[in-house]
file upload-v9.cif (mmCIF, C-alpha atoms)
data_data
loop_
_atom_site.label_atom_id
_atom_site.label_comp_id
_atom_site.auth_asym_id
_atom_site.auth_seq_id
_atom_site.Cartn_x
_atom_site.Cartn_y
_atom_site.Cartn_z
CA MET A 1 0.22 8.14 -14.43
CA SER A 2 1.34 18.03 -13.96
CA ILE A 3 4.21 20.26 -14.34
CA GLY A 4 4.52 22.63 -11.42
CA ASP A 5 4.84 26.38 -11.77
CA ASP A 6 5.69 29.21 -9.42
CA GLY A 7 2.33 28.86 -7.72
CA GLY A 8 1.31 32.36 -8.74
CA TYR A 9 3.88 34.00 -6.55
CA GLY A 10 6.18 35.04 -9.37
CA GLY A 11 9.82 35.90 -9.07
CA GLY A 12 9.53 39.59 -8.16
CA ASP A 13 11.39 41.69 -5.63
CA TYR A 14 10.67 40.70 -2.05
CA SER A 15 12.28 43.87 -0.50
CA SER A 16 10.31 46.52 1.40
CA PRO A 17 8.15 48.83 -0.74
CA ALA A 18 9.90 51.97 -1.90
CA GLY A 19 9.49 55.05 0.24
CA GLN A 20 9.11 53.21 3.55
CA THR A 21 11.66 53.74 6.35
CA ARG A 22 12.07 52.21 9.77
CA THR A 23 12.90 54.39 12.79
CA ARG A 24 14.17 52.95 16.07
CA LEU A 25 13.50 55.20 19.04
CA PRO A 26 16.08 55.28 21.82
CA ASP A 27 15.19 53.91 25.26
CA GLY A 28 17.28 56.50 26.96
CA GLU A 29 20.27 58.68 26.51
CA GLY A 30 23.14 57.67 24.28
CA ASP A 31 23.47 56.71 20.62
CA THR A 32 20.20 57.22 18.76
CA TYR A 33 20.78 53.95 16.82
CA GLY A 34 22.13 52.03 19.80
CA SER A 35 20.68 48.80 21.13
CA GLY A 36 17.39 48.77 23.01
CA ARG A 37 16.83 48.00 26.65
CA ARG A 38 18.15 44.58 27.71
CA PRO A 39 15.71 42.09 29.20
CA ARG A 40 16.09 40.90 32.75
CA GLY A 41 18.53 38.05 33.19
CA GLY A 42 17.46 34.46 33.99
CA LEU A 43 14.27 32.52 33.26
CA SER A 44 10.95 32.86 34.98
CA SER A 45 9.40 29.76 36.51
CA ARG A 46 6.68 29.79 33.88
CA ASN A 47 9.23 29.73 31.00
CA LEU A 48 11.19 26.94 32.69
CA VAL A 49 8.06 24.76 33.01
CA THR A 50 7.21 25.36 29.33
CA ILE A 51 10.69 24.31 28.13
CA VAL A 52 10.68 21.15 30.26
CA GLY A 53 7.22 20.23 28.90
CA VAL A 54 8.37 20.60 25.29
CA VAL A 55 11.43 18.42 25.87
CA VAL A 56 9.31 15.67 27.47
CA LEU A 57 6.89 15.70 24.54
CA LEU A 58 9.74 15.45 22.02
CA ILE A 59 11.26 12.45 23.83
CA ALA A 60 7.88 10.71 23.93
CA ALA A 61 7.26 11.36 20.20
CA ILE A 62 10.68 9.94 19.22
CA ALA A 63 10.15 6.83 21.32
CA PHE A 64 6.70 6.24 19.80
CA ALA A 65 8.02 6.71 16.24
CA ASN A 66 10.83 4.20 16.81
CA ARG A 67 8.44 1.63 18.24
CA SER A 68 5.96 2.08 15.37
CA GLY A 69 8.70 1.85 12.74
CA GLY A 70 10.01 -1.43 14.08
CA ALA A 71 6.58 -3.06 14.05
CA SER A 72 5.42 -1.88 10.63
CA GLY A 73 7.49 -4.31 8.58
CA SER A 74 8.86 -3.73 5.09
CA GLN A 75 7.48 -1.31 2.51
CA ASP A 76 6.16 -4.22 0.51
CA THR A 77 3.76 -5.41 3.19
CA ALA A 78 2.83 -2.19 4.94
CA ALA A 79 0.51 -0.97 2.19
CA ASP A 80 -1.03 -4.30 1.27
CA ALA A 81 -4.77 -4.05 0.78
CA PRO A 82 -7.10 -6.97 1.50
CA GLY A 83 -8.65 -8.52 -1.59
CA PRO A 84 -12.03 -10.23 -2.02
CA ALA A 85 -12.84 -13.22 0.14
CA GLY A 86 -10.64 -16.14 -0.85
CA ALA A 87 -8.44 -14.00 -3.10
CA PRO A 88 -4.82 -13.00 -2.38
CA ALA A 89 -4.25 -9.49 -1.08
CA ALA A 90 -3.39 -6.82 -3.65
CA ARG A 91 0.21 -5.79 -3.07
CA SER A 92 1.34 -2.22 -3.52
CA THR A 93 3.74 -1.32 -6.30
CA ALA A 94 6.42 -0.03 -3.94
CA PRO A 95 9.98 -0.67 -5.16
CA THR A 96 11.22 -4.17 -4.33
CA GLY A 97 14.82 -3.80 -5.42
CA THR A 98 14.35 -6.66 -7.87
CA LYS A 99 15.43 -5.88 -11.42
CA PRO A 100 12.30 -6.22 -13.58
CA VAL A 101 13.92 -7.62 -16.72
CA ASP A 102 17.27 -8.74 -18.07
CA GLY A 103 16.92 -7.24 -21.52
CA LYS A 104 14.65 -6.37 -24.41
CA ASN A 105 13.21 -8.19 -27.39
CA GLY A 106 13.21 -5.35 -29.89
CA THR A 107 11.41 -2.49 -28.16
CA ILE A 108 9.54 -4.75 -25.72
CA ALA A 109 10.94 -5.77 -22.35
CA ALA A 110 12.05 -9.40 -22.10
CA GLY A 111 13.74 -11.76 -19.65
CA PHE A 112 11.10 -11.73 -16.92
CA ALA A 113 11.64 -13.88 -13.84
CA LYS A 114 9.65 -17.08 -13.40
CA THR A 115 7.91 -15.69 -10.33
CA ALA A 116 4.59 -14.05 -9.50
CA GLN A 117 6.26 -10.66 -9.71
CA GLY A 118 7.87 -11.52 -13.05
CA ALA A 119 4.54 -12.68 -14.49
CA GLN A 120 2.86 -9.42 -13.46
CA SER A 121 5.66 -7.34 -14.95
CA ALA A 122 5.38 -9.29 -18.20
CA ALA A 123 1.61 -8.84 -18.29
CA ALA A 124 1.88 -5.06 -17.81
CA ASN A 125 4.45 -4.68 -20.60
CA TYR A 126 2.56 -6.95 -22.97
CA ALA A 127 -0.67 -5.04 -22.35
CA VAL A 128 1.14 -1.86 -23.43
CA ALA A 129 2.49 -3.49 -26.61
CA LEU A 130 -0.87 -5.00 -27.56
CA GLY A 131 -2.58 -1.63 -27.08
CA SER A 132 -0.06 0.44 -29.01
CA ALA A 133 -0.50 2.27 -32.33
CA ASP A 134 1.93 -0.21 -33.92
CA MET A 135 -0.79 -2.86 -33.74
CA PHE A 136 -2.62 -0.97 -36.51
CA LYS A 137 0.37 -1.32 -38.88
CA PRO A 138 0.74 -4.79 -40.47
CA THR A 139 4.55 -5.02 -40.44
CA ALA A 140 4.91 -3.68 -36.88
CA ARG A 141 2.02 -5.87 -35.68
CA HIS A 142 3.66 -9.03 -37.05
CA THR A 143 6.86 -8.13 -35.19
CA ILE A 144 4.95 -7.63 -31.93
CA VAL A 145 3.22 -11.00 -32.33
CA LYS A 146 6.55 -12.79 -32.72
CA GLN A 147 8.00 -11.01 -29.69
CA VAL A 148 5.05 -11.36 -27.33
CA PHE A 149 3.25 -14.62 -28.11
CA ALA A 150 4.35 -18.17 -27.40
CA PRO A 151 5.83 -19.82 -30.53
CA ALA A 152 3.01 -22.36 -30.72
CA GLN A 153 0.37 -19.60 -30.81
CA ALA A 154 2.15 -16.92 -32.87
CA ALA A 155 1.07 -18.02 -36.36
CA GLY A 156 -2.57 -18.52 -35.47
CA MET A 157 -2.74 -15.28 -33.48
CA GLN A 158 -1.20 -13.33 -36.35
CA SER A 159 -3.99 -14.50 -38.68
CA LYS A 160 -6.68 -13.55 -36.14
CA LEU A 161 -5.22 -10.11 -35.55
CA ASP A 162 -4.82 -9.46 -39.29
CA ALA A 163 -8.52 -10.21 -39.66
CA THR A 164 -9.37 -7.90 -36.74
CA TYR A 165 -7.30 -5.01 -38.11
CA SER A 166 -8.82 -5.34 -41.56
CA THR A 167 -8.72 -2.67 -44.24
CA GLY A 168 -12.37 -1.89 -43.59
CA PHE A 169 -11.78 -1.48 -39.86
CA LEU A 170 -8.79 0.79 -40.46
CA LYS A 171 -10.78 2.89 -42.92
CA LYS A 172 -13.43 3.57 -40.25
CA LEU A 173 -10.65 5.02 -38.10
CA GLY A 174 -9.41 7.22 -40.92
CA LEU A 175 -6.33 5.06 -41.57
CA ASP A 176 -5.06 3.58 -44.80
CA ALA A 177 -4.25 -0.10 -45.34
CA ASN A 178 -0.84 0.38 -43.70
CA GLY A 179 -2.32 1.95 -40.58
CA ASN A 180 -1.22 5.48 -41.42
CA ALA A 181 -3.35 8.55 -40.79
CA ALA A 182 -4.07 11.15 -43.47
CA LYS A 183 -1.52 13.89 -44.09
CA GLY A 184 -1.46 16.34 -41.21
CA MET A 185 -3.08 13.82 -38.86
CA THR A 186 -1.60 11.58 -36.16
CA TYR A 187 -3.27 8.40 -34.99
CA ILE A 188 -2.71 7.84 -31.27
CA SER A 189 -3.13 4.63 -29.31
CA ARG A 190 -1.32 4.39 -26.00
CA THR A 191 -2.04 2.09 -23.08
CA VAL A 192 -1.02 2.91 -19.50
CA PRO A 193 -1.25 0.15 -16.84
CA VAL A 194 -2.77 1.29 -13.56
CA GLY A 195 -2.35 -1.99 -11.70
CA THR A 196 -1.89 -5.73 -12.13
CA LYS A 197 -3.52 -8.73 -10.49
CA LEU A 198 -2.28 -12.30 -10.47
CA VAL A 199 -5.37 -14.48 -10.73
CA LYS A 200 -3.56 -17.81 -10.79
CA LEU A 201 0.02 -19.07 -11.01
CA ASP A 202 0.44 -22.77 -11.68
CA GLY A 203 3.87 -23.97 -12.70
CA ASP A 204 4.48 -22.85 -16.28
CA THR A 205 1.19 -20.96 -16.68
CA ALA A 206 -0.22 -17.77 -15.21
CA ASN A 207 -3.53 -15.94 -15.54
CA LEU A 208 -3.42 -12.20 -14.94
CA GLU A 209 -5.45 -9.03 -15.24
CA VAL A 210 -4.08 -5.57 -16.02
CA TRP A 211 -6.24 -2.55 -15.24
CA CYS A 212 -5.47 0.13 -17.81
CA THR A 213 -6.30 3.57 -19.05
CA GLY A 214 -5.43 4.76 -22.51
CA LEU A 215 -5.54 7.37 -25.28
CA PHE A 216 -7.22 6.55 -28.58
CA GLY A 217 -8.11 8.58 -31.65
CA THR A 218 -6.77 10.80 -34.40
CA ALA A 219 -5.23 14.16 -33.58
CA GLY A 220 -5.58 16.83 -36.24
CA ALA A 221 -7.47 19.98 -37.11
CA LYS A 222 -10.03 18.12 -39.26
CA SER A 223 -10.21 14.88 -37.29
CA THR A 224 -13.61 13.24 -37.03
CA THR A 225 -12.36 10.84 -34.34
CA PRO A 226 -10.64 13.07 -31.73
CA VAL A 227 -8.39 11.55 -29.09
CA THR A 228 -10.32 10.35 -26.06
CA THR A 229 -9.48 8.44 -22.89
CA ASP A 230 -10.67 4.96 -22.05
CA TRP A 231 -10.60 2.58 -19.08
CA PHE A 232 -10.44 -1.17 -19.52
CA THR A 233 -9.06 -4.43 -18.14
CA THR A 234 -6.82 -6.69 -20.19
CA HIS A 235 -6.92 -10.41 -19.36
CA LEU A 236 -3.78 -12.35 -20.27
CA HIS A 237 -2.97 -16.03 -20.17
CA LEU A 238 0.82 -16.46 -20.04
CA LYS A 239 2.98 -19.51 -20.53
CA TRP A 240 6.64 -20.03 -19.63
CA ALA A 241 8.36 -20.73 -22.96
CA ALA A 242 11.95 -20.35 -24.18
CA GLY A 243 13.04 -18.96 -20.81
CA ASP A 244 10.46 -16.17 -20.60
CA TRP A 245 6.78 -15.47 -20.07
CA LYS A 246 4.85 -15.42 -23.36
CA VAL A 247 1.21 -14.75 -24.22
CA GLU A 248 -1.02 -17.68 -25.10
CA GLY A 249 -4.22 -15.65 -25.26
CA PHE A 250 -5.71 -12.31 -24.24
CA SER A 251 -9.01 -10.46 -24.12
CA ARG A 252 -10.28 -7.08 -23.01
CA GLU A 253 -13.32 -5.74 -21.18
CA ASP A 254 -14.48 -2.24 -20.29
CA GLY A 255 -13.78 -0.65 -16.89
CA PRO A 256 -13.50 -0.16 -14.03
CA ALA A 257 -13.88 3.51 -14.99
CA PRO A 258 -13.80 6.45 -12.55
CA VAL A 259 -15.79 9.66 -12.92
CA ASN A 260 -14.27 11.93 -15.56
CA GLY A 261 -12.31 14.85 -14.15
CA ASP A 262 -13.14 18.46 -14.92
CA ASN A 263 -10.08 18.96 -17.14
CA LYS A 264 -9.75 21.54 -19.88
CA THR A 265 -9.45 19.80 -23.23
CA SER A 266 -6.14 20.39 -25.02
CA GLY A 267 -5.83 21.20 -28.70
CA ALA A 268 -4.91 18.60 -31.32
CA ASP A 269 -1.41 20.05 -31.71
CA GLN A 270 -0.76 19.82 -27.97
CA ILE A 271 -1.84 16.17 -27.87
CA THR A 272 0.29 15.31 -30.91
CA ASP A 273 3.36 17.04 -29.47
CA ALA A 274 2.86 15.35 -26.08
CA VAL A 275 2.74 11.87 -27.60
CA LYS A 276 5.89 12.58 -29.61
CA GLN A 277 7.80 14.15 -26.72
CA TYR A 278 6.86 11.83 -23.84
CA GLY A 279 8.09 8.28 -24.18
CA GLY A 280 6.72 5.21 -22.47
CA PHE A 281 8.11 3.04 -19.66
CA THR A 282 9.25 -0.45 -18.92
CA TYR A 283 6.74 -1.60 -16.31
CA ALA A 284 7.66 -3.66 -13.26
CA ARG A 285 5.51 -5.05 -10.45
#

call {"tool": "encode", "arguments": {"input": "upload-v9.cif", "output": "structure tokens"}}
result
Amino acid sequence: MSIGDDGGYGGGDYSSPAGQTRTRLPDGEGDTYGSGRRPRGGLSSRNLVTIVGVVVLLIAAIAFANRSGGASGSQDTAADAPGPAGAPAARSTAPTGTKPVDGKNGTIAAGFAKTAQGAQSAAANYAVALGSADMFKPTARHTIVKQVFAPAQAAGMQSKLDATYSTGFLKKLGLDANGNAAKGMTYISRTVPVGTKLVKLDGDTANLEVWCTGLFGTAGAKSTTPVTTDWFTTHLHLKWAAGDWKVEGFSREDGPAPVNGDNKTSGADQITDAVKQYGGFTYAR
């Protein structure tokens, strides 16, 4: 997932430069500022042929556009890209008109449909939650686990994640035991899904992949771990439980990563303000 400007044209005066005048010379006797000589009446044969040719071309273009539009199908299928041999085609994320969710479980979307589209929407939203800065804070992390994971896996997953986000690990990131950055610093962790892929849907279970980019690091004048971008793929195994898709397990691997753009690096204050001012989204497939 830039703000436009005036394109360098500014908002200045577009009138003629000062000191310039326009003089219309008369074609003959009469009022000096009167109208010029009138053209001959009627159309020449050359002009008539040109007009007829333009009209014919316009009619042909309209007919071709109508025929192409009727054969292209819906927006959902027109931009489908073929996948690897034996794999389903990757569908574009054009609007489908289907409401992504019925509600929210705390701050996380909930109520996903028991369909391929619903499973992909759930996977995208869960990838965002599991990659958020709240995962570094024990209380917030426990809440996320209860909201995202299947009841049978929640307790065990909470213990594993507590061990992963240990005090020693947090200290390496410049965070205290509660996941808070030092005074004047802001720890940033934000995941942005780029695309989703349904690997397998089988009844009450679904395996999915979410290709993501993200921001990670500590913003501040004296930060030793500045905010950087990352590219990774989150693998999620979902199960239909209690009327919604829930996570049974997940993992992450690096990439695919594009070539870094030649962007000017922003200051720590700009990054901090941006994260505070720009909220996230509810993601739908």

call {"tool": "closest_residue", "arguments": {"input": "upload-v9.cif", "among": "A:His142, A:Lys160, A:Arg190, A:Lys171", "to": "Phe281 in chain A", "atoms": "only C-alpha atoms"}}
result
A:Arg190

call {"tool": "atom_distance", "arguments": {"input": "upload-v9.cif", "atom1": "CA of Val145 in chain A", "atom2": "CA of Asp204 in chain A"}}
result
20.0 Å

call {"tool": "closest_residue", "arguments": {"input": "upload-v9.cif", "among": "A:Ala274, A:Ala181, A:Ile51, A:Val194", "to": "Phe232 in chain A", "atoms": "only C-alpha atoms"}}
result
A:Val194

call {"tool": "resolve_selection", "arguments": {"input": "upload-v9.cif", "expression": "the PyMOL selection byres ((chain A and resi 114) around 8)", "output": "number ranges by chain"}}
result
A: 112-113, 115-116, 118-119, 240, 244-245

call {"tool": "closest_residue", "arguments": {"input": "upload-v9.cif", "among": "A:Pro226, A:Gly217, A:Gly249, A:Pro151", "to": "Ala133 in chain A", "atoms": "all atoms listed in the file"}}
result
A:Gly217

call {"tool": "closest_residue", "arguments": {"input": "upload-v9.cif", "among": "A:Val210, A:Ala154, A:Val192, A:Ile144", "to": "Gly280 in chain A", "atoms": "all atoms listed in the file"}}
result
A:Val192

call {"tool": "atom_distance", "arguments": {"input": "upload-v9.cif", "atom1": "CA of Gly214 in chain A", "atom2": "CA of Trp231 in chain A"}}
result
6.6 Å

call {"tool": "atom_distance", "arguments": {"input": "upload-v9.cif", "atom1": "CA of Ala219 in chain A", "atom2": "CA of Thr139 in chain A"}}
result
22.6 Å

call {"tool": "closest_residue", "arguments": {"input": "upload-v9.cif", "among": "A:Glu209, A:Asp202, A:Asp269, A:Glu248", "to": "Val227 in chain A", "atoms": "all atoms listed in the file"}}
result
A:Asp269

call {"tool": "resolve_selection", "arguments": {"input": "upload-v9.cif", "expression": "the PyMOL selection byres ((chain A and resi 229) around 6)", "output": "NGL selection string"}}
result
:A and (214-215 or 228 or 230)

call {"tool": "residues_around", "arguments": {"input": "upload-v9.cif", "residues": "Thr164 in chain A", "least_positions_apart": "5", "cutoff": "12 Å", "atoms": "all atoms listed in the file", "output": "list in words"}}
result
Met135, Phe136, Lys137, Pro138, Arg141, Met157, Gln158, Ser159, Phe169 and Leu170 of chain A

call {"tool": "resolve_selection", "arguments": {"input": "upload-v9.cif", "expression": "the PyMOL selection byres ((chain A and resi 253-258) around 10)", "output": "list in words"}}
result
Trp211, Cys212, Thr213, Asp230, Trp231, Phe232, Thr233, Thr234, His235, Ser251, Arg252, Val259, Asn260 and Gly261 of chain A

call {"tool": "residues_near_point", "arguments": {"input": "upload-v9.cif", "point": "(-4.4, 12.5, -38.7)", "cutoff": "6 Å", "atoms": "only C-alpha atoms", "output": "list in words"}}
result
Ala181, Ala182, Gly184, Met185, Thr186, Tyr187, Thr218, Ala219 and Gly220 of chain A

call {"tool": "closest_residue", "arguments": {"input": "upload-v9.cif", "among": "A:Lys222, A:Lys276, A:Lys197, A:Lys239", "to": "Lys183 in chain A", "atoms": "only C-alpha atoms"}}
result
A:Lys222

call {"tool": "build_atoms", "arguments": {"input": "upload-v9.cif", "residues": "range 114-127 of chain A", "atoms": "N, CA and C atoms", "output": "mmCIF file, in the frame of the given file"}}
result
data_model
loop_
_atom_site.group_PDB
_atom_site.id
_atom_site.type_symbol
_atom_site.label_atom_id
_atom_site.label_comp_id
_atom_site.auth_asym_id
_atom_site.auth_seq_id
_atom_site.Cartn_x
_atom_site.Cartn_y
_atom_site.Cartn_z
ATOM 1 N N LYS A 114 10.722 -16.086 -13.525
ATOM 2 C CA LYS A 114 9.650 -17.080 -13.400
ATOM 3 C C LYS A 114 9.106 -17.048 -11.980
ATOM 4 N N THR A 115 8.489 -15.920 -11.648
ATOM 5 C CA THR A 115 7.910 -15.690 -10.330
ATOM 6 C C THR A 115 6.583 -14.967 -10.521
ATOM 7 N N ALA A 116 5.838 -14.802 -9.422
ATOM 8 C CA ALA A 116 4.590 -14.050 -9.500
ATOM 9 C C ALA A 116 4.860 -12.609 -9.913
ATOM 10 N N GLN A 117 5.921 -12.035 -9.361
ATOM 11 C CA GLN A 117 6.260 -10.660 -9.710
ATOM 12 C C GLN A 117 6.663 -10.564 -11.172
ATOM 13 N N GLY A 118 7.447 -11.532 -11.656
ATOM 14 C CA GLY A 118 7.870 -11.520 -13.050
ATOM 15 C C GLY A 118 6.694 -11.654 -14.003
ATOM 16 N N ALA A 119 5.724 -12.493 -13.645
ATOM 17 C CA ALA A 119 4.540 -12.680 -14.490
ATOM 18 C C ALA A 119 3.732 -11.389 -14.571
ATOM 19 N N GLN A 120 3.604 -10.673 -13.456
ATOM 20 C CA GLN A 120 2.860 -9.420 -13.460
ATOM 21 C C GLN A 120 3.576 -8.340 -14.258
ATOM 22 N N SER A 121 4.897 -8.304 -14.158
ATOM 23 C CA SER A 121 5.660 -7.340 -14.950
ATOM 24 C C SER A 121 5.497 -7.627 -16.433
ATOM 25 N N ALA A 122 5.558 -8.911 -16.800
ATOM 26 C CA ALA A 122 5.380 -9.290 -18.200
ATOM 27 C C ALA A 122 4.005 -8.895 -18.696
ATOM 28 N N ALA A 123 2.980 -9.149 -17.888
ATOM 29 C CA ALA A 123 1.610 -8.840 -18.290
ATOM 30 C C ALA A 123 1.439 -7.340 -18.528
ATOM 31 N N ALA A 124 2.009 -6.516 -17.659
ATOM 32 C CA ALA A 124 1.880 -5.060 -17.810
ATOM 33 C C ALA A 124 2.545 -4.592 -19.105
ATOM 34 N N ASN A 125 3.742 -5.090 -19.384
ATOM 35 C CA ASN A 125 4.450 -4.680 -20.600
ATOM 36 C C ASN A 125 3.783 -5.196 -21.859
ATOM 37 N N TYR A 126 3.237 -6.395 -21.801
ATOM 38 C CA TYR A 126 2.560 -6.950 -22.970
ATOM 39 C C TYR A 126 1.242 -6.231 -23.227
ATOM 40 N N ALA A 127 0.558 -5.802 -22.173
ATOM 41 C CA ALA A 127 -0.670 -5.040 -22.350
ATOM 42 C C ALA A 127 -0.391 -3.721 -23.072
#
